[in-house]
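Visitor: Mind having a look at this structure? Questions to follow.
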Amino acid sequence: MIKFLDLHKINERFRKEIDERIKQVLDSGWYLLGEQKELFEKHFAKYCGVKHCIGCANGLDALNLIIRGYGFKNGDEIIVPANTYIATILAISENGCTPILVEPDINTYNINPDLIEEKITNKTKAIMVVHLYGQAVQMDKIWTIAKKYNLKVIEDSAQAHGALYKGKRAGNLSDASGFSFYPGKNLGCMGDGGCVTTNDDELAVKIRAIANYGSDRKYHHIYKGINSRLDEIQAAILDVKLPHLDNDNKKRRKIAKYYRENIKNPKIILPKVYDENAHVWHVFAIRTEERDKLQKYLEENEIQTNIHYPTPPHKQGAYKEFVNISLPVSEEIHRTVISLPISPVMTEEEVKKTVDIINKF
């Protein structure tokens, strides 16, 4: 069976280093807000090219902390892509703000900048972009709009560790960015984890306090905060894996390039790329009108696939307020998309087999 994502094989490559770092944590007797977290924050901030990295419990919390840090209030509107994982939108709702859904570009699956301006009102406070599947949003257009209307720009970089836009990394393309380190990410820990990256000194101080019960020092609480902390073991694991991220992304690009050059089945719509060296291919998503049939066929041929995502957020029961909204581009993507195996531990034989089987479909 060709696994969609073999997490054991991915992490086994670093077993010795991870074991050593976990032993350091255990021997230290310090499990939260310690040296490992500080080290990873320092290294990931440098990697992204930003001044601050604040570790937190998960990617949803990272976005939540950014919105809370900016002090957006009930009824404030945040523009967000309709084609995304629901967590992006949940962070907005959780803070009493209103998500304003904007259709994606059918070619990139990212938010369509040309449709943003018509959604702006006097309640709009921010544009939250999502670098979906590992391809950075075309940020120049986003920033032009944001500056025109004095809006904050927030990145959901949960799928874009190491992705580039004009030489700058995701996490450094906005006012603040949220990352997830869920195990299946390009940079994943062995549990839940996340972080905020930013160059905003004031925001960084505020978020660090909010994430720690609103405390700027022990037993001194200046905000009504939450408990959202990246623990020492997860931070240590991430710090071991970070130096290998670029090479892993390079392997993903090689697989994606082979897929794009060799999948010739006319029933398949391949993803479009504006910069081969910038995409990090967290997901390799194709589209077909015969998705269910293709998925079953691939499974019968021992190839695992996934669907990112079968139901768009505005069609979920959690968002009944969107019931009358028509978003045909998002609905088209969610109806036809299917993700092929892609990871830094896939063998050439597995990649070639996947292509051969698809071409025979």
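Naming scheme: A, B, ... for chains in displayed order of the structure tokens; residues 1 onward per chain; ligands 1 onward as shown.
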Counting only C-alpha atoms, what is within 7 Å of Gly96 of chain A, bar same-chain residues fewer than 3 positions away, as a PyMOL selection string?
Guide: chain A and resi 73-75+92-93
Visitor: Quick one: residues within 7 Å of Val102 of chain A, only C-alpha atoms, excluding same-chain residues fewer than 3 positions away - as a list in words?
Guide: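 The residues that qualify are Ile79, Val80, Pro81, Ala82, Ile111, Leu115 and Ile116 of chain A.
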Visitor: Store the residues picked out above, limited to N, CA, C and O atoms, as a CSV table (one decimal), in the first residue's frame.
Guide:
chain,number,residue,atom,x,y,z
A,79,ILE,N,-12.3,39.6,6.3
A,79,ILE,CA,-12.4,39.0,5.0
A,79,ILE,C,-11.6,37.7,5.0
A,79,ILE,O,-10.4,37.7,5.5
A,80,VAL,N,-12.1,36.6,4.5
A,80,VAL,CA,-11.5,35.3,4.6
A,80,VAL,C,-11.8,34.5,3.4
A,80,VAL,O,-12.9,34.6,2.8
A,81,PRO,N,-10.9,33.6,2.9
A,81,PRO,CA,-11.3,32.8,1.7
A,81,PRO,C,-12.4,31.8,2.1
A,81,PRO,O,-12.4,31.2,3.2
A,82,ALA,N,-13.3,31.6,1.2
A,82,ALA,CA,-14.4,30.6,1.4
A,82,ALA,C,-13.9,29.2,1.3
A,82,ALA,O,-14.4,28.3,1.8
A,111,ILE,N,-7.5,32.7,-2.2
A,111,ILE,CA,-8.4,33.8,-2.3
A,111,ILE,C,-8.2,34.6,-3.6
A,111,ILE,O,-7.0,34.9,-4.0
A,115,LEU,N,-11.8,40.0,-6.0
A,115,LEU,CA,-13.1,39.9,-5.4
A,115,LEU,C,-13.2,40.5,-4.0
A,115,LEU,O,-14.3,40.6,-3.4
A,116,ILE,N,-12.1,41.0,-3.5
A,116,ILE,CA,-12.0,41.4,-2.1
A,116,ILE,C,-12.7,42.8,-1.9
A,116,ILE,O,-13.5,43.0,-1.0
Visitor: Neighbours of Ala211 of chain A within 10 Å (only C-alpha atoms; same-chain residues fewer than 3 positions away dropped), as a VMD selection string?
Guide: chain A and resid 54 to 57 61 to 62 64 to 65 69 206 to 208 214 to 216 223 to 230
Visitor: Considering only alpha helix (DSSP H) as DSSP defines it on the backbone, what residues of segment 181-357 of chain A qualify? List them as a ChimeraX atom specification.
Guide: /A:201-210,232-241,245-262,291-300,328-336,348-357
Visitor: Each residue of segment 299-336 of chain A with at least one atom at most 12 Å from segment 117-139 of chain A should appear once, together with its nearest atom pair and the corresponding distance in Å (one decimal); atoms considered: only C-alpha atoms; ordering: chain, then increasing residue number; output as JSON lines.
Guide:
{"residue": "A:Ile307", "atom": "CA", "partner": "A:Tyr133", "partner_atom": "CA", "distance": 11.8}
{"residue": "A:His308", "atom": "CA", "partner": "A:Tyr133", "partner_atom": "CA", "distance": 8.9}
{"residue": "A:Tyr309", "atom": "CA", "partner": "A:Tyr133", "partner_atom": "CA", "distance": 11.1}
Visitor: Would you save the residues of that selection, restricted to N, CA, C and O atoms, as a short mmCIF file (atom, residue, chain, number, x, y, z; two decimals), in the first residue's frame?
Guide:
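What landed in result.cif:
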data_model
loop_
_atom_site.label_atom_id
_atom_site.label_comp_id
_atom_site.auth_asym_id
_atom_site.auth_seq_id
_atom_site.Cartn_x
_atom_site.Cartn_y
_atom_site.Cartn_z
N ILE A 307 -9.20 13.75 0.85
CA ILE A 307 -9.98 14.82 0.23
C ILE A 307 -9.88 16.07 1.10
O ILE A 307 -10.30 16.06 2.26
N HIS A 308 -9.28 17.11 0.56
CA HIS A 308 -9.12 18.40 1.24
C HIS A 308 -9.92 19.48 0.51
O HIS A 308 -9.40 20.11 -0.39
N TYR A 309 -11.17 19.69 0.80
CA TYR A 309 -11.98 19.14 1.87
C TYR A 309 -13.32 18.80 1.26
O TYR A 309 -13.75 19.47 0.32
#
Visitor: One decimal, in Å: what's the spacing between atom CA of Ile342 of chain A and atom CA of Ile268 of chain A?
Guide: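 Going from atom CA of Ile342 of chain A over to atom CA of Ile268 of chain A covers 17.0 Å.
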